[in-house]
2 protein chains.
Amino acid sequence: MAKRPNRATISDVAQAAGVSISSVSNAINGKTAAMTEETLQRIQAAMRELDYRPSSVARGLAMQRTATLGLVVTEIETPLFLQAVTPIEREARQAGYSLLLVNARNEEDEREAVNLLLEKQVDGMMVISTSDPRQNDHLHKVQAEGTPVALINRADVSPEFDQINWDNMTGVKDLVRHFAGLGHRRIAILVGPVNRRSTQERLQGYRAGLEASLLPFDEDLVRPGDYTATPEDWKNSIEELLALASPPTAIIASDDIVAAVVIRALQEMGKSIPGDVAVAGIDDQPFSQYLGLTTMQLPVAEAGRQAINLLLERIHHPEKQAKHILLPCPLVIRDTCGGNKAG
Amino acid sequence: MAKRPNRATISDVAQAAGVSISSVSNAINGKTAAMTEETLQRIQAAMRELDYRPSSVARGLAMQRTATLGLVVTEIETPLFLQAVTPIEREARQAGYSLLLVNARNEEDEREAVNLLLEKQVDGMMVISTSDPRQNDHLHKVQAEGTPVALINRADVSPEFDQINWDNMTGVKDLVRHFAGLGHRRIAILVGPVNRRSTQERLQGYRAGLEASLLPFDEDLVRPGDYTATPEDWKNSIEELLALASPPTAIIASDDIVAAVVIRALQEMGKSIPGDVAVAGIDDQPFSQYLGLTTMQLPVAEAGRQAINLLLERIHHPEKQAKHILLPCPLVIRDTCGGNKAG
DNA sequence: TTGAAAGCGTTACCAG
DNA sequence: CTGGTAACGCTTTCAA
């Protein structure tokens with residue numbers, strides 16, 4: 001726990017350059033308008049000489065802003081949300097901010113995480129999580145204390161937060177209509193945890209799609225699952241589905257990984273894809289393109305980009321109203337749904 | 001850019017509790033041994049009352065340590081290294097540290113990133129990157145200034161840094177021997193960028209494996225590629241490989257994604273896997289298990305875990321010598337190599 | 001155009 | 001056992 005060897009401070013630089021601390025400070029912060037060329041030169045030389053690096057900690061204390069943003073990510077089964085991290089970090093840094101990353105494993109952990117970020121005095125924070133219903137009172141308090149918050153995939157009803165959400169509803173509706181357009185009349189859907197808002201929206205989209213295609217809704221074709229369901233569970237679901245008197249010719253999986261499992265299961269059962277059964281996923285994970293998987297894209301990176309931009313906007317203009325953005329989930333048509341070149 | 005409404009400070013608490021600032025500070029930091037129960041109670045009550053949260057910025061300035069660690073990740077094509085982030089964050093937080101995440105897009109960017117972390121006065125930093133040959137002089141300077149550095153996948157020769165590397169050599173050797181043991185005599189390998197150290201090691205492992213299996217080395221079976229090679233490029237490679245007078249019966253892909261492409265290409269050519277051609281990947285990405293892909297695992301999460309533990313160790317005991325750890329890359333035998341239940 | 005000095009919120013040392 | 005007070009490194013205001 002040894003203290004680090006003292007690095008050069010602003011006063012060292014001032015002394016070396018033979019000027020006052022304020023002048024060095026001004027030089028650092030580009031308030032160079034009213035400064036002799038010579039002084040500036042001397043200061044810069046001294047800084048280089050001493051390998052001076054300003055302390056953002058001290059600066060943070062003095063200015064009451066840290067140039068740091070917080071990102072809280074709920075740890076989920078698939079590393080899906082991690083895809084938002086890279087673009088967020090990029091935009092943050094471009095705007096002169098650093099990123100403090102915190103993982104939250106559950107709701108209580110999230111509170112702790114938020115608290116931590118508050119102690120670190122971040123200038124703003126983003127929270128990305130699954131769409132389970134949650135309490136957001138701690139986040140309201142954060143905003144009340146003056147730290148802007150942007151939410152991804154939370155669908156909080158209050159207009160107070162900047163928010164990005166995905167249009168699961170329309171996405172799945174489009175998917176169903178696409179299948180219907182391909183001639184499918186029995187379209188099954190595997191869904192995740194029912195309490196999750198995304199699940200609800202997808203089911204709505206499913207029904208809406210059927211309706212728009214003049215297809216009847218059949219309870220038997222909806223298989224509830226869970227993100228913790230094992231591959232075995234999903235395989236069983238598939239078998240039951242295919243054992244139906246009138247089995248589905250198309251299956252929408254709850255995510256791309258489940259889709260991959262479904263495809264394997266079907267192949268093991270000797271079914272051809274999409275010949276016997278068409279399949280689509282949800283997510284558009286990186287590997288999906290290599291599977292030729294048709295899927296509904298969840299634009300995670302885009303969500304991150306938009307979230308941080310909203311956040312930055314509001315940090316700079318706290319008086320402006322928060323915005324809610326509903327991101328479209330485009331269909332990515334590849335091979336597993338048929339009708340494509342690879343048919 | 002409005003200033004945030006002033007939050008309660010330590011002196012507010014002191015005033016409210018009718019004690020001195022020092023006492024509050026002591027209470028916060030658990031130096032509660034020599035304190036009246038009553039004073040403590042009063043202080044705690046005041047803290048709760050005012051919703052007091054200590055400022056880590058101020059504390060950082062006073063203590064010259066920020067309880068923050070930096071993580072520099074080179075942005076790579078596949079999000080492979082992101083798998084290290086979650087475990088690193090977890091361990092960091094458990095140890096009382098926060099994580100500042102910085103993405104570096106290239107070498108120059110890395111310098112900038114490191115500088116940023118230095119300004120933020122992190123107590124230590126980790127760098128994870130591809131194994132291209134690099135200059136590490138800036139990192140040497142960081143350590144010289146007293147900030148410990150741990151490296152993942154850099155294979156720097158100097159003993160000065162804590163380091164985690166993967167034993168690509170042995171891993172690929174094992175893979176080759178596994179194939180040989182299955183009766184394969186023509187084993188092809190697709191490799192990434194040749195200047196990358198991992199590529200070199202894998203080629204060494206490849207040769208060593210052949211030798212150990214008494215198999216001849218055949219230049220034709222080594223297909224150099226590039227992480228930027230398109231799926232088309234890899235398909236062409238496969239076609240050329242299969243057009244050989246004596247075509248391979250087993251293929252080791254340069255990573256799991258390439259393996260997925262290879263598998264698709266083979267399937268499109270009407271080959272069965274592993275019946276006609278066995279395939280293995282390198283990485284063990286999350287999706288690989290759903291493909292039934294046999295692969296050489298790159299224990300990324302484990303590398304992260306070990307790196308941060310080394311780093312923490314050295315932060316607390318700067319006098320101790322840095323350690324180098326070579327992490328084994330175990331084979332994950334699944335279906336695509338044959339010989340397994342799924343044959 | 002430059003400099004002195006007062007904060008920023010904590011910790012840590014040293015008297016009382 | 002408690003309370004002053006001097007750092008910590010920087011920004012900012014106000015004089016000169």
# chains A, B, ... in the order shown; residues from 1 in each chain; ligands from 1
$ interface_residues --of "chain B" --to "chain C" --cutoff "7 Å" --atoms "only C-alpha atoms (C1' of nucleotides)" --output "list in words"
Thr9, Ser55, Ala58, Arg59, Ala62 and Met63 of chain B
$ interface_residues --of "chain D" --to "chain A" --cutoff "8 Å" --atoms "only C-alpha atoms (C1' of nucleotides)" --output "compact mmCIF listing (two decimals) with C-alpha atoms (C1' of nucleotides), in the first residue's frame"
# COMPACT_ATOMS: atom_id res chain seq x y z
C1' DC D 8 -4.13 16.96 -1.29
C1' DG D 9 -3.89 19.55 -6.56
C1' DC D 10 -6.63 22.28 -9.00
C1' DT D 11 -9.97 26.33 -10.47
$ residues_around --residues "Ile187 in chain B" --least-positions-apart "6" --cutoff "7 Å" --atoms "only C-alpha atoms (C1' of nucleotides)" --output "NGL selection string"
:B and (221 or 248-251)
$ closest_atom_pairs --of "chain B" --to "chain A" --cutoff "8 Å" --atoms "only C-alpha atoms" --output "tab-separated table"
residue	atom	partner	partner_atom	distance
B:Met1	CA	A:His316	CA	4.6
B:Ala2	CA	A:Pro318	CA	6.9
B:Lys3	CA	A:Gln64	CA	7.4
B:Arg4	CA	A:Gly146	CA	5.0
B:Pro5	CA	A:Gly146	CA	6.4
B:Arg7	CA	A:Glu145	CA	7.5
B:Arg53	CA	A:Glu119	CA	6.2
B:Pro54	CA	A:Glu119	CA	6.2
B:Ser55	CA	A:Glu119	CA	5.2
B:Ser56	CA	A:Lys120	CA	5.3
B:Val57	CA	A:Val57	CA	5.9
B:Ala58	CA	A:Leu61	CA	6.0
B:Gly60	CA	A:Val57	CA	6.7
B:Leu61	CA	A:Ala58	CA	6.0
B:Gln64	CA	A:Lys3	CA	7.4
B:Leu82	CA	A:Leu82	CA	7.4
B:Thr86	CA	A:Asn103	CA	7.1
B:Glu89	CA	A:Val102	CA	6.8
B:Arg90	CA	A:Asn103	CA	7.2
B:Ser98	CA	A:Leu100	CA	7.2
B:Leu99	CA	A:Leu100	CA	5.7
B:Leu100	CA	A:Leu100	CA	4.6
B:Leu101	CA	A:Leu99	CA	5.8
B:Val102	CA	A:Glu89	CA	6.8
B:Asn103	CA	A:Glu89	CA	6.9
B:Leu118	CA	A:Arg53	CA	7.9
B:Glu119	CA	A:Ser55	CA	5.2
B:Lys120	CA	A:Ser56	CA	5.2
B:Gln121	CA	A:Ser55	CA	7.0
B:Glu145	CA	A:Pro5	CA	6.5
B:Gly146	CA	A:Arg4	CA	5.1
B:Thr147	CA	A:Arg4	CA	7.4
B:Ile257	CA	A:Phe287	CA	7.0
B:Ala260	CA	A:Tyr290	CA	6.0
B:Val261	CA	A:Tyr290	CA	5.9
B:Arg264	CA	A:Leu291	CA	7.5
B:Phe287	CA	A:Phe287	CA	6.9
B:Tyr290	CA	A:Val261	CA	5.9
B:Leu291	CA	A:Ala260	CA	7.3
B:Ile315	CA	A:Met1	CA	6.2
B:His316	CA	A:Met1	CA	4.7
B:His317	CA	A:Met1	CA	6.3
B:Pro318	CA	A:Ala2	CA	7.0
$ select_by_dssp --residues "range 90-322 of chain B" --states "helix (DSSP H, G or I)" --output "PyMOL selection string"
chain B and resi 90-94+107-119+137-144+168-181+197-212+219-221+231-242+256-268+288-291+300-316
$ residues_around --residues "DT2 in chain D" --least-positions-apart "6" --cutoff "10 Å" --atoms "only C-alpha atoms (C1' of nucleotides)" --output "number ranges by chain"
B: 19-20, 22-23, 34-35; C: 16
$ atom_distance --atom1 "CA of Val72 in chain B" --atom2 "CA of Ser129 in chain B"
8.2 Å
$ select_by_dssp --residues "range 106-223 of chain A" --states "strand (DSSP E or B)" --output "list in words"
Gly124, Met125, Met126, Val127, Ile128, Val149, Ala150, Leu151, Ile152, Asp162, Gln163, Ile164, Asn165, Trp166, Ile187, Ala188, Ile189, Leu190, Val191, Val222 and Arg223 of chain A
$ atom_distance --atom1 "CA of Lys271 in chain B" --atom2 "CA of Thr294 in chain A"
23.2 Å
$ residues_around --residues "Gly225 in chain A" --least-positions-apart "4" --cutoff "12 Å" --atoms "only C-alpha atoms (C1' of nucleotides)" --output "CSV table (one decimal) with all heavy atoms, in the first residue's frame"
chain,number,residue,atom,x,y,z
A,189,ILE,N,-44.5,-19.9,-31.6
A,189,ILE,CA,-43.6,-18.9,-31.0
A,189,ILE,C,-43.2,-19.4,-29.6
A,189,ILE,O,-44.0,-19.9,-28.8
A,189,ILE,CB,-44.2,-17.5,-30.9
A,189,ILE,CG1,-43.2,-16.5,-30.3
A,189,ILE,CG2,-45.5,-17.5,-30.0
A,189,ILE,CD1,-43.6,-15.1,-30.5
A,190,LEU,N,-41.9,-19.4,-29.4
A,190,LEU,CA,-41.3,-19.7,-28.0
A,190,LEU,C,-41.0,-18.4,-27.4
A,190,LEU,O,-40.4,-17.5,-27.9
A,190,LEU,CB,-40.0,-20.5,-28.2
A,190,LEU,CG,-40.0,-21.7,-29.2
A,190,LEU,CD1,-38.6,-22.3,-29.2
A,190,LEU,CD2,-41.1,-22.7,-28.8
A,191,VAL,N,-41.5,-18.3,-26.1
A,191,VAL,CA,-41.3,-17.0,-25.5
A,191,VAL,C,-40.5,-17.1,-24.2
A,191,VAL,O,-40.5,-18.2,-23.6
A,191,VAL,CB,-42.6,-16.2,-25.2
A,191,VAL,CG1,-43.3,-15.9,-26.5
A,191,VAL,CG2,-43.5,-17.1,-24.3
A,192,GLY,N,-39.9,-16.0,-23.7
A,192,GLY,CA,-39.2,-16.0,-22.5
A,192,GLY,C,-40.1,-15.8,-21.3
A,192,GLY,O,-41.3,-16.1,-21.3
A,193,PRO,N,-39.5,-15.4,-20.2
A,193,PRO,CA,-40.2,-15.2,-18.9
A,193,PRO,C,-41.5,-14.3,-19.1
A,193,PRO,O,-41.3,-13.2,-19.7
A,193,PRO,CB,-39.2,-14.5,-18.0
A,193,PRO,CG,-37.9,-14.9,-18.5
A,193,PRO,CD,-38.1,-15.1,-20.0
A,194,VAL,N,-42.6,-14.7,-18.7
A,194,VAL,CA,-43.8,-14.0,-18.9
A,194,VAL,C,-43.9,-12.7,-18.2
A,194,VAL,O,-44.6,-11.8,-18.7
A,194,VAL,CB,-45.1,-14.8,-18.6
A,194,VAL,CG1,-45.7,-15.5,-19.8
A,194,VAL,CG2,-44.8,-15.9,-17.5
A,195,ASN,N,-43.2,-12.5,-17.1
A,195,ASN,CA,-43.4,-11.2,-16.4
A,195,ASN,C,-42.5,-10.1,-17.1
A,195,ASN,O,-42.7,-9.0,-16.8
A,195,ASN,CB,-42.9,-11.4,-15.0
A,195,ASN,CG,-41.4,-11.6,-14.8
A,195,ASN,OD1,-40.8,-12.2,-15.7
A,195,ASN,ND2,-40.8,-11.0,-13.8
A,196,ARG,N,-41.7,-10.5,-18.0
A,196,ARG,CA,-40.9,-9.6,-18.7
A,196,ARG,C,-41.7,-8.8,-19.7
A,196,ARG,O,-42.5,-9.4,-20.4
A,196,ARG,CB,-39.7,-10.3,-19.4
A,196,ARG,CG,-38.5,-9.5,-19.7
A,196,ARG,CD,-37.3,-10.4,-20.0
A,196,ARG,NE,-36.7,-10.9,-18.8
A,196,ARG,CZ,-35.6,-11.5,-18.7
A,196,ARG,NH1,-34.9,-11.8,-19.9
A,196,ARG,NH2,-35.0,-11.9,-17.6
A,199,THR,N,-41.5,-9.9,-23.3
A,199,THR,CA,-42.3,-11.0,-23.6
A,199,THR,C,-43.7,-10.6,-24.0
A,199,THR,O,-44.3,-11.1,-25.0
A,199,THR,CB,-42.3,-12.0,-22.4
A,199,THR,OG1,-41.0,-12.4,-22.2
A,199,THR,CG2,-43.2,-13.2,-22.8
A,229,ALA,N,-34.2,-21.9,-19.1
A,229,ALA,CA,-34.5,-23.2,-19.7
A,229,ALA,C,-33.3,-23.8,-20.3
A,229,ALA,O,-32.5,-23.1,-21.0
A,229,ALA,CB,-35.7,-23.0,-20.7
A,230,THR,N,-33.2,-25.1,-20.2
A,230,THR,CA,-32.0,-25.8,-20.8
A,230,THR,C,-32.3,-26.1,-22.2
A,230,THR,O,-33.5,-26.2,-22.6
A,230,THR,CB,-31.7,-27.1,-20.0
A,230,THR,OG1,-32.8,-27.9,-20.2
A,230,THR,CG2,-31.6,-26.8,-18.5
A,231,PRO,N,-31.3,-26.4,-23.0
A,231,PRO,CA,-31.5,-26.9,-24.3
A,231,PRO,C,-32.4,-28.1,-24.4
A,231,PRO,O,-33.3,-28.1,-25.2
A,231,PRO,CB,-30.1,-27.3,-24.7
A,231,PRO,CG,-29.2,-26.3,-24.0
A,231,PRO,CD,-29.9,-26.1,-22.7
A,232,GLU,N,-32.3,-28.9,-23.4
A,232,GLU,CA,-33.2,-30.1,-23.3
A,232,GLU,C,-34.7,-29.6,-23.3
A,232,GLU,O,-35.5,-30.2,-24.0
A,232,GLU,CB,-32.9,-30.9,-22.1
A,232,GLU,CG,-31.8,-32.0,-22.3
A,232,GLU,CD,-32.0,-32.7,-23.6
A,232,GLU,OE1,-33.1,-33.2,-23.9
A,232,GLU,OE2,-31.0,-32.8,-24.3
A,233,ASP,N,-34.9,-28.6,-22.4
A,233,ASP,CA,-36.3,-28.1,-22.3
A,233,ASP,C,-36.8,-27.7,-23.7
A,233,ASP,O,-38.0,-28.0,-24.0
A,233,ASP,CB,-36.3,-26.9,-21.3
A,233,ASP,CG,-36.0,-27.4,-19.9
A,233,ASP,OD1,-36.1,-28.6,-19.6
A,233,ASP,OD2,-35.6,-26.5,-19.1
A,234,TRP,N,-36.0,-26.9,-24.3
A,234,TRP,CA,-36.4,-26.4,-25.6
A,234,TRP,C,-36.7,-27.5,-26.6
A,234,TRP,O,-37.6,-27.5,-27.4
A,234,TRP,CB,-35.4,-25.4,-26.2
A,234,TRP,CG,-35.4,-24.1,-25.4
A,234,TRP,CD1,-34.4,-23.6,-24.7
A,234,TRP,CD2,-36.5,-23.2,-25.2
A,234,TRP,NE1,-34.7,-22.4,-24.1
A,234,TRP,CE2,-36.0,-22.1,-24.4
A,234,TRP,CE3,-37.8,-23.1,-25.7
A,234,TRP,CZ2,-36.8,-21.0,-24.1
A,234,TRP,CZ3,-38.6,-22.0,-25.3
A,234,TRP,CH2,-38.1,-21.0,-24.5
A,235,LYS,N,-35.8,-28.5,-26.6
A,235,LYS,CA,-35.9,-29.7,-27.5
A,235,LYS,C,-37.3,-30.4,-27.2
A,235,LYS,O,-38.0,-30.7,-28.2
A,235,LYS,CB,-34.8,-30.7,-27.2
A,235,LYS,CG,-33.6,-30.5,-28.2
A,235,LYS,CD,-32.6,-31.5,-28.0
A,235,LYS,CE,-31.2,-30.9,-28.4
A,235,LYS,NZ,-30.1,-31.7,-28.0
A,236,ASN,N,-37.6,-30.5,-26.0
A,236,ASN,CA,-38.9,-31.1,-25.6
A,236,ASN,C,-40.0,-30.3,-26.2
A,236,ASN,O,-41.0,-30.9,-26.7
A,236,ASN,CB,-39.0,-31.3,-24.1
A,236,ASN,CG,-38.1,-32.3,-23.6
A,236,ASN,OD1,-37.6,-33.2,-24.3
A,236,ASN,ND2,-37.8,-32.2,-22.3
A,237,SER,N,-39.9,-29.0,-26.0
A,237,SER,CA,-41.0,-28.1,-26.6
A,237,SER,C,-41.1,-28.4,-28.1
A,237,SER,O,-42.3,-28.5,-28.6
A,237,SER,CB,-40.6,-26.7,-26.3
A,237,SER,OG,-41.1,-26.2,-25.1
A,238,ILE,N,-40.0,-28.5,-28.7
A,238,ILE,CA,-40.1,-28.7,-30.2
A,238,ILE,C,-40.8,-30.0,-30.5
A,238,ILE,O,-41.6,-30.1,-31.4
A,238,ILE,CB,-38.7,-28.7,-30.8
A,238,ILE,CG1,-38.0,-27.4,-30.5
A,238,ILE,CG2,-38.7,-29.0,-32.3
A,238,ILE,CD1,-38.7,-26.2,-31.1
A,253,ALA,N,-38.2,-18.4,-32.3
A,253,ALA,CA,-37.6,-18.7,-31.1
A,253,ALA,C,-37.5,-17.4,-30.2
A,253,ALA,O,-37.5,-16.3,-30.7
A,253,ALA,CB,-36.2,-19.3,-31.3
A,254,SER,N,-37.3,-17.6,-28.9
A,254,SER,CA,-37.3,-16.4,-28.0
A,254,SER,C,-36.0,-15.6,-28.1
A,254,SER,O,-35.9,-14.5,-27.7
A,254,SER,CB,-37.5,-16.9,-26.6
A,254,SER,OG,-36.6,-17.9,-26.3
A,255,ASP,N,-35.0,-16.3,-28.6
A,255,ASP,CA,-33.7,-15.5,-28.9
A,255,ASP,C,-32.9,-16.3,-29.9
A,255,ASP,O,-33.2,-17.5,-30.2
A,255,ASP,CB,-33.0,-15.1,-27.7
A,255,ASP,CG,-32.5,-16.2,-26.9
A,255,ASP,OD1,-32.0,-17.2,-27.5
A,255,ASP,OD2,-32.5,-16.1,-25.6
A,258,VAL,N,-31.6,-19.7,-28.5
A,258,VAL,CA,-32.7,-20.7,-28.5
A,258,VAL,C,-32.9,-21.2,-30.0
A,258,VAL,O,-33.1,-22.4,-30.2
A,258,VAL,CB,-34.0,-20.2,-27.9
A,258,VAL,CG1,-35.1,-21.1,-28.1
A,258,VAL,CG2,-33.8,-19.9,-26.4
